[in-house]
Structures are given as C-alpha cells and as structure tokens.
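Here's work25.txt, which has compact mmCIF, C-alpha atoms:
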# COMPACT_ATOMS: atom_id res chain seq x y z
CA MET A 18 4.98 -17.07 3.69
CA SER A 19 8.29 -16.15 2.09
CA VAL A 20 10.74 -18.42 0.37
CA GLY A 21 14.36 -18.02 1.40
CA PRO A 22 16.92 -17.20 -1.26
CA ILE A 23 18.66 -20.07 -3.01
CA SER A 24 22.41 -19.77 -2.74
CA SER A 25 24.63 -20.78 -5.61
CA SER A 26 26.62 -23.11 -3.37
CA SER A 27 23.62 -25.38 -2.85
CA LEU A 28 23.53 -25.98 -6.59
CA GLY A 29 27.12 -27.22 -6.74
CA ALA A 30 26.05 -30.81 -6.15
CA LEU A 31 23.52 -30.60 -8.98
CA SER A 32 26.05 -29.37 -11.48
CA SER A 33 28.65 -32.11 -11.06
CA PRO A 34 28.57 -34.58 -13.95
CA GLY A 35 26.99 -37.94 -13.37
CA SER A 36 24.91 -36.74 -10.45
CA ILE A 37 21.66 -36.91 -12.41
CA GLY A 38 20.11 -40.18 -11.29
CA GLY A 39 23.50 -41.38 -10.15
CA ILE A 40 23.97 -43.18 -13.47
CA GLY A 41 27.39 -43.18 -15.04
CA VAL A 42 26.02 -42.29 -18.46
CA SER A 43 27.63 -39.79 -20.81
CA THR A 44 26.69 -36.65 -18.98
CA ASP A 45 26.13 -34.14 -21.71
CA VAL A 46 22.90 -33.20 -20.01
CA GLY A 47 24.75 -32.71 -16.74
CA ARG A 48 27.25 -30.48 -18.46
CA ALA A 49 24.41 -28.64 -20.14
CA VAL A 50 22.86 -27.90 -16.77
CA SER A 51 26.14 -26.75 -15.26
CA GLY A 52 26.95 -24.69 -18.32
CA THR A 53 30.62 -25.52 -18.64
CA GLY A 54 30.33 -24.64 -22.31
CA ARG A 55 30.40 -27.96 -24.07
CA GLY A 56 26.89 -29.17 -23.39
CA ALA A 57 23.63 -28.76 -25.27
CA VAL A 58 23.08 -25.25 -23.86
CA PRO A 59 26.51 -23.69 -23.55
CA GLY A 60 27.20 -20.68 -21.40
CA ILE A 61 24.13 -20.68 -19.14
CA ASP A 62 24.90 -19.89 -15.54
CA PHE A 63 22.06 -21.87 -14.00
CA GLY A 64 23.02 -21.03 -10.43
CA GLY A 65 23.14 -17.32 -11.18
CA ALA A 66 19.83 -17.45 -13.02
CA LEU A 67 18.14 -19.16 -10.09
CA ALA A 68 19.59 -16.53 -7.76
CA ASP A 69 18.11 -13.83 -10.02
CA VAL A 70 14.68 -15.49 -9.92
CA SER A 71 14.93 -15.78 -6.15
CA THR A 72 15.77 -12.07 -5.90
CA SER A 73 12.79 -11.13 -8.02
CA LEU A 74 10.54 -13.28 -5.82
CA ASP A 75 11.90 -11.47 -2.75
CA ALA A 76 11.26 -8.09 -4.32
CA ALA A 77 7.68 -9.05 -5.18
CA ASP A 78 7.20 -10.26 -1.61
CA GLN A 79 8.42 -6.98 -0.13
CA LEU A 80 6.16 -4.94 -2.39
CA ALA A 81 3.21 -7.17 -1.43
CA THR A 82 3.89 -6.32 2.21
CA GLN A 83 3.97 -2.62 1.36
CA VAL A 84 0.64 -2.92 -0.45
CA ALA A 85 -0.89 -4.69 2.53
CA THR A 86 0.30 -2.00 4.96
CA GLY A 87 -0.68 0.83 2.61
CA GLN A 88 2.84 2.24 2.32
CA ILE A 89 3.14 1.76 -1.40
CA GLU A 90 3.21 4.79 -3.68
CA ASN A 91 2.90 3.12 -7.07
CA ILE A 92 0.55 0.18 -6.98
CA HIS A 93 1.47 -0.92 -10.49
CA GLU A 94 5.04 -1.53 -9.31
CA TYR A 95 3.73 -4.46 -7.29
CA THR A 96 1.87 -6.03 -10.20
CA ALA A 97 4.89 -5.55 -12.47
CA ALA A 98 7.21 -7.14 -9.89
CA ALA A 99 4.77 -10.04 -9.48
CA THR A 100 4.75 -10.44 -13.28
CA LYS A 101 8.56 -10.50 -13.39
CA ALA A 102 8.67 -13.12 -10.64
CA GLN A 103 6.05 -15.23 -12.40
CA LEU A 104 7.95 -15.07 -15.70
CA GLY A 105 11.20 -16.01 -13.96
CA VAL A 106 9.64 -19.00 -12.25
CA GLU A 107 7.92 -20.17 -15.45
CA LEU A 108 11.22 -19.87 -17.31
CA THR A 109 12.98 -21.94 -14.65
CA VAL A 110 10.29 -24.62 -14.71
CA ALA A 111 10.33 -24.75 -18.51
CA PHE A 112 14.11 -25.07 -18.51
CA GLN A 113 13.98 -27.92 -16.01
CA ARG A 114 11.28 -29.68 -18.02
CA ARG A 115 13.29 -29.41 -21.25
CA ALA A 116 16.44 -30.70 -19.59
CA ILE A 117 14.57 -33.73 -18.22
CA GLU A 118 12.92 -34.38 -21.61
CA ALA A 119 16.31 -34.23 -23.31
CA PHE A 120 17.73 -36.66 -20.76
CA GLN A 121 14.83 -39.05 -21.27
CA GLU A 122 15.32 -38.91 -25.06
CA ILE A 123 18.91 -39.92 -24.57
CA MET A 124 17.91 -42.74 -22.23
CA ARG A 125 15.53 -44.11 -24.85
CA ILE A 126 18.35 -44.68 -27.34
CA GLN A 127 18.57 -48.43 -27.97
CA ILE A 128 22.02 -49.89 -27.99
CA MET B 24 17.35 -9.21 -15.79
CA THR B 25 17.60 -7.43 -19.10
CA MET B 26 14.64 -9.28 -20.60
CA PHE B 27 12.37 -7.16 -18.41
CA ARG B 28 13.38 -3.85 -19.94
CA ALA B 29 9.97 -3.37 -21.57
CA LEU B 30 8.35 -3.92 -18.21
CA ASP B 31 10.69 -1.46 -16.48
CA ASN B 32 10.06 1.20 -19.12
CA SER B 33 6.29 0.81 -18.74
CA VAL B 34 6.52 0.98 -14.95
CA SER B 35 8.46 4.25 -15.24
CA GLY B 36 5.79 5.63 -17.57
CA ALA B 37 3.05 4.58 -15.17
CA ASN B 38 4.96 6.17 -12.27
CA LEU B 39 5.10 9.46 -14.15
CA SER B 40 1.39 9.30 -15.00
CA ARG B 41 0.59 8.59 -11.37
CA LEU B 42 2.64 11.64 -10.32
CA TRP B 43 0.93 13.72 -12.99
CA MET B 44 -2.49 12.68 -11.71
CA ASP B 45 -1.36 13.66 -8.20
CA ALA B 46 -0.38 17.10 -9.48
CA ILE B 47 -3.65 17.55 -11.40
CA ALA B 48 -5.65 16.56 -8.34
CA ASP B 49 -3.68 19.09 -6.31
CA ASN B 50 -4.39 21.81 -8.87
CA ILE B 51 -8.12 21.07 -9.03
CA ALA B 52 -8.34 20.88 -5.25
CA ASN B 53 -6.80 24.37 -5.01
CA VAL B 54 -8.89 25.97 -7.74
CA ASN B 55 -10.54 28.25 -5.14
CA THR B 56 -7.47 29.06 -3.05
CA VAL B 57 -7.39 32.85 -2.95
CA ARG B 58 -4.53 34.81 -1.45
CA PRO B 59 -3.87 38.47 -0.63
CA PRO B 60 -2.85 40.48 -3.73
CA ASP B 61 0.68 41.13 -2.51
CA GLU B 62 1.40 37.40 -2.17
CA ASP B 63 2.30 35.04 -4.97
CA PRO B 64 -0.86 33.29 -6.15
CA PHE B 65 -1.35 29.54 -6.01
CA ARG B 66 0.27 28.30 -9.21
CA ALA B 67 -0.72 25.09 -10.98
CA ARG B 68 1.86 22.33 -10.59
CA VAL B 69 3.37 20.89 -13.77
CA VAL B 70 5.38 17.67 -13.87
CA ILE B 71 8.41 18.11 -16.13
CA ALA B 72 9.27 14.72 -17.64
CA GLN B 73 12.68 13.74 -18.93
CA SER B 74 13.53 10.68 -21.01
CA VAL B 75 16.18 8.32 -19.65
CA GLU B 76 18.66 7.51 -22.40
CA GLY B 77 20.15 4.04 -22.82
CA ASP B 78 23.35 2.75 -24.40
CA ASP B 79 21.88 1.11 -27.48
CA GLY B 80 19.57 3.90 -28.62
CA ILE B 81 16.52 2.57 -26.81
CA GLY B 82 15.99 4.42 -23.56
CA HIS B 83 15.06 3.29 -20.10
CA GLY B 84 11.73 5.02 -19.82
CA VAL B 85 10.95 8.38 -18.34
CA ARG B 86 11.61 10.11 -15.06
CA PRO B 87 10.11 13.22 -13.44
CA ALA B 88 12.92 15.77 -13.71
CA ALA B 89 11.25 18.58 -11.80
CA ILE B 90 7.93 19.99 -10.65
CA GLY B 91 7.41 23.36 -12.29
CA LEU B 92 4.90 26.07 -11.51
CA TYR B 93 2.75 27.82 -14.08
CA GLY B 94 3.79 31.38 -14.71
CA GLY B 95 1.65 34.43 -15.25
CA GLU B 96 -0.23 36.80 -12.97
CA GLY B 97 -3.14 35.47 -11.05
CA PRO B 98 -6.28 37.48 -11.84
CA LEU B 99 -7.49 39.93 -9.24
CA ALA B 100 -11.08 39.78 -8.07
CA TYR B 101 -13.11 42.31 -6.15
CA ASP B 102 -14.29 40.82 -2.85
CA PRO B 103 -14.10 43.51 -0.17
CA HIS B 104 -15.55 41.48 2.68
CA HIS B 105 -13.13 38.61 2.23
CA PRO B 106 -10.76 38.32 5.22
CA LEU B 107 -7.74 38.28 2.90
CA ALA B 108 -8.78 41.32 0.86
CA ASP B 109 -6.48 44.34 0.86
CA GLU B 110 -7.66 47.94 1.32
CA ASP B 111 -8.92 48.07 -2.29
CA GLY B 112 -11.03 44.99 -1.65
CA MET B 113 -9.10 42.84 -4.13
CA VAL B 114 -8.01 39.23 -3.69
CA ARG B 115 -5.66 37.23 -5.90
CA LEU B 116 -7.21 34.21 -7.61
CA PRO B 117 -5.09 31.11 -8.34
CA VAL B 118 -3.35 30.41 -11.65
CA VAL B 119 -5.37 27.27 -12.40
CA ASP B 120 -7.23 26.81 -15.68
CA MET B 121 -9.97 24.25 -15.07
CA THR B 122 -10.37 23.26 -18.73
CA VAL B 123 -6.65 22.63 -19.10
CA GLU B 124 -6.60 20.58 -15.91
CA MET B 125 -9.58 18.45 -16.91
CA SER B 126 -8.17 17.65 -20.35
CA ASN B 127 -4.79 16.92 -18.75
CA LEU B 128 -6.57 14.55 -16.39
CA ILE B 129 -7.98 12.61 -19.31
CA LEU B 130 -4.50 12.49 -20.89
CA ALA B 131 -2.85 11.36 -17.67
CA SER B 132 -5.34 8.59 -16.97
CA ARG B 133 -5.25 7.32 -20.56
CA THR B 134 -1.45 7.34 -20.51
CA TYR B 135 -1.51 5.38 -17.26
CA GLU B 136 -3.82 2.77 -18.76
CA ALA B 137 -1.74 2.59 -21.94
CA ASN B 138 1.38 1.83 -19.91
CA LEU B 139 -0.46 -0.85 -17.99
CA SER B 140 -1.66 -2.47 -21.20
CA VAL B 141 1.96 -2.57 -22.40
CA ILE B 142 2.84 -4.52 -19.26
CA ASP B 143 0.00 -6.94 -19.97
CA ARG B 144 0.96 -7.48 -23.60
CA VAL B 145 4.65 -7.96 -22.83
CA ARG B 146 3.82 -10.56 -20.20
CA ASP B 147 1.57 -12.45 -22.63
CA SER B 148 4.29 -12.37 -25.28
CA TYR B 149 6.93 -13.80 -22.97
CA MET B 150 4.57 -16.48 -21.70
CA ALA B 151 3.90 -17.48 -25.31
CA ALA B 152 7.66 -17.76 -25.86
CA LEU B 153 7.91 -20.16 -22.93
CA ARG B 154 5.26 -22.36 -24.49
CA ILE B 155 7.36 -23.11 -27.58
CA GLY B 156 7.64 -26.84 -28.06
CA ASN B 157 4.86 -27.70 -25.66
CA ARG B 158 3.04 -30.86 -26.57
Output the file's structure as structure tokens, nothing else.
Amino acid sequence: MSVGPISSSSLGALSSPGSIGGIGVSTDVGRAVSGTGRGAVPGIDFGGALADVSTSLDAADQLATQVATGQIENIHEYTAAATKAQLGVELTVAFQRRAIEAFQEIMRIQI
Amino acid sequence: MTMFRALDNSVSGANLSRLWMDAIADNIANVNTVRPPDEDPFRARVVIAQSVEGDDGIGHGVRPAAIGLYGGEGPLAYDPHHPLADEDGMVRLPVVDMTVEMSNLILASRTYEANLSVIDRVRDSYMAALRIGNR
C-alpha cells in the first residue's frame, strides 16, 4: 500500500492564520506553522518539509518493491532509505505535537 | 535532506564493500582457471576506490572509480595432458593469491559491518534528538 505524495497546495489552507480551530485568537502559532518569519519558529517551510518526507517515503517504497522482486543490488540501501523515511516521519510528528502543545499553553493563559 | 549526510556516506561505504566482496568472490571462484600460455592469464580484480570531496571539507563518502587488474606474469605449470596445454605441455595459472584474497575478504566484510553500524548509531542519535522535551 503506498501513500500518495502530499502537494504543497493542499497545505495552503492550514497555513492561513486563524484557521487552527477556527478561533480568532492571536495566531502566532498559525504564523509559526506557516513560517512567515515572525512566529515562534521562523523560516521553516513546513509544506516543503512535508514534501521532502513524502519523497523519502516514496523512495523507500520503491526500494522495498525492488527487494521483493530481487532486483536490488545493495540491500543496505533499502534499510537506509527506510531509516530516512522513519526519521522524517518522526520529525514531522514531533513538530506537530510541539506546535499543538504550544497552542494549548497559550490557550491556558487566564485573562 | 542534508541531515542524512552521515547515512549517505555510510551507504556509499557499504556499496563499495559490497562491490569489493563481489570482486573477491570472483577472484576466489576463478582460482583454478587455467589458460593457454600465449593468452593473458586470469587476473585478480581490484576495486579502486576514490573519495568524493565535499564543499565544506567533509566528503560525501566513497565511490568505485575503476576495476583494476593485478599485474604480473601468471606462473606456468607443466600439465601436458591438459586440453589447453601448448606443445611444451605448459599451461598458464591465474594471477590470484589465495592468502591475499582471504584476508581481503575479512577486511571487506568487516568494513561492510562497520558501515552498517554507523547507520545504526546515527539513527539512534537522531531519534534521541527528537525525544528532547518529552514528558
């Protein structure tokens, strides 16, 4: 089962400010996610990073097919590609978790 | 992604070791390949490695630049009834030194395993980095 690549355009809705939860709160977290440079994590191109992770997952998938059909020359290339894909996915999940934690911290601020 | 440079370097090292083991296996398989004396003997294959330089002083691993052949004259052996023997009854033995090949085999397989352990360690290190701040 292969996962299709995630295009940057599908992330445009995510990156617009105020779209997180639909609440009109000060959207520093939203800006952080979109990386427009003034948020908590400036300069991160989240869409591009997700595209990179998706590419590495595709590459690992193709090598897995080659291993299954016996065409592969260097078997360690498959395990290294699987490791890269795993690291990329873990990084993405960790990033998402941190962003949500930061947002929840902000929401807990008592007025 | 540039954070995977250590992984890419180790994969290139493992690729070279795999190619080296292929060459050694070829040499050992052909250790009894005799030829007529007027022909070039079977020569042991040697993988010539070349480092891949990078911009910042740290390279990008290794690549097999060429496959060379061992030089020297293959020894002649007296075997008059061999179908490939010439009128003097001599055949040309291959240029393969078994002791060299066996010790190279140990080197190649240990190098392969060393590169794989680098991949393992690097992965563990990066996973530890992702666990910073976990509660």
Using all atoms listed in the file, what does the table of chain A residues within 10 Å of chain B look like, with each row giving the shortest atom pair and its distance in Å to one decimal, sorted by chain and ascending number, as CSV?
residue,atom,partner,partner_atom,distance
A:Ala66,CA,B:Met24,CA,9.0
A:Asp69,CA,B:Met24,CA,7.4
A:Val70,CA,B:Met24,CA,9.0
A:Ser73,CA,B:Met24,CA,9.2
A:Glu90,CA,B:Asn38,CA,8.9
A:Asn91,CA,B:Asn38,CA,6.4
A:Ile92,CA,B:Asn38,CA,9.1
A:His93,CA,B:Val34,CA,7.0
A:Glu94,CA,B:Val34,CA,6.3
A:Tyr95,CA,B:Val34,CA,9.8
A:Thr96,CA,B:Ile142,CA,9.2
A:Ala97,CA,B:Leu30,CA,6.9
A:Ala98,CA,B:Leu30,CA,9.0
A:Thr100,CA,B:Arg146,CA,7.0
A:Lys101,CA,B:Phe27,CA,7.1
A:Gln103,CA,B:Arg146,CA,9.4
A:Leu104,CA,B:Met150,CA,7.0
A:Gly105,CA,B:Met24,CA,9.3
A:Glu107,CA,B:Leu153,CA,7.5
A:Leu108,CA,B:Leu153,CA,6.5
A:Thr109,CA,B:Leu153,CA,9.9
A:Val110,CA,B:Leu153,CA,9.7
A:Ala111,CA,B:Leu153,CA,6.8
A:Phe112,CA,B:Leu153,CA,9.1
A:Arg115,CA,B:Gly156,CA,9.2
Could you please determine the separation between CA of Ile90 (chain B) and CA of Ala72 (chain B) in Å, to one decimal place?
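Here the two named atoms are 8.9 Å from each other.
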Using only C-alpha atoms, determine which residues lie at most 7 Å from Asn32 (chain B), disregarding the query and same-chain residues fewer than 4 positions distant; provide the list as JSON, numbers by chain.
{"B": [28, 36, 83, 84]}
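Take CA of Leu67 (chain A) and CA of Ala99 (chain A): the distance between them is 16.2 Å.
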Nearest residue to Glu124 (chain B) out of B:Glu96, B:Thr25, B:Asn50, B:Gly112, using only C-alpha atoms?
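Looking only at the distances to Glu124 (chain B), the closest residue turns out to be B:Asn50.
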If I take CA of Gly64 (chain A) and CA of Arg125 (chain A), how far is one from the other in Å, to one decimal?
28.2 Å
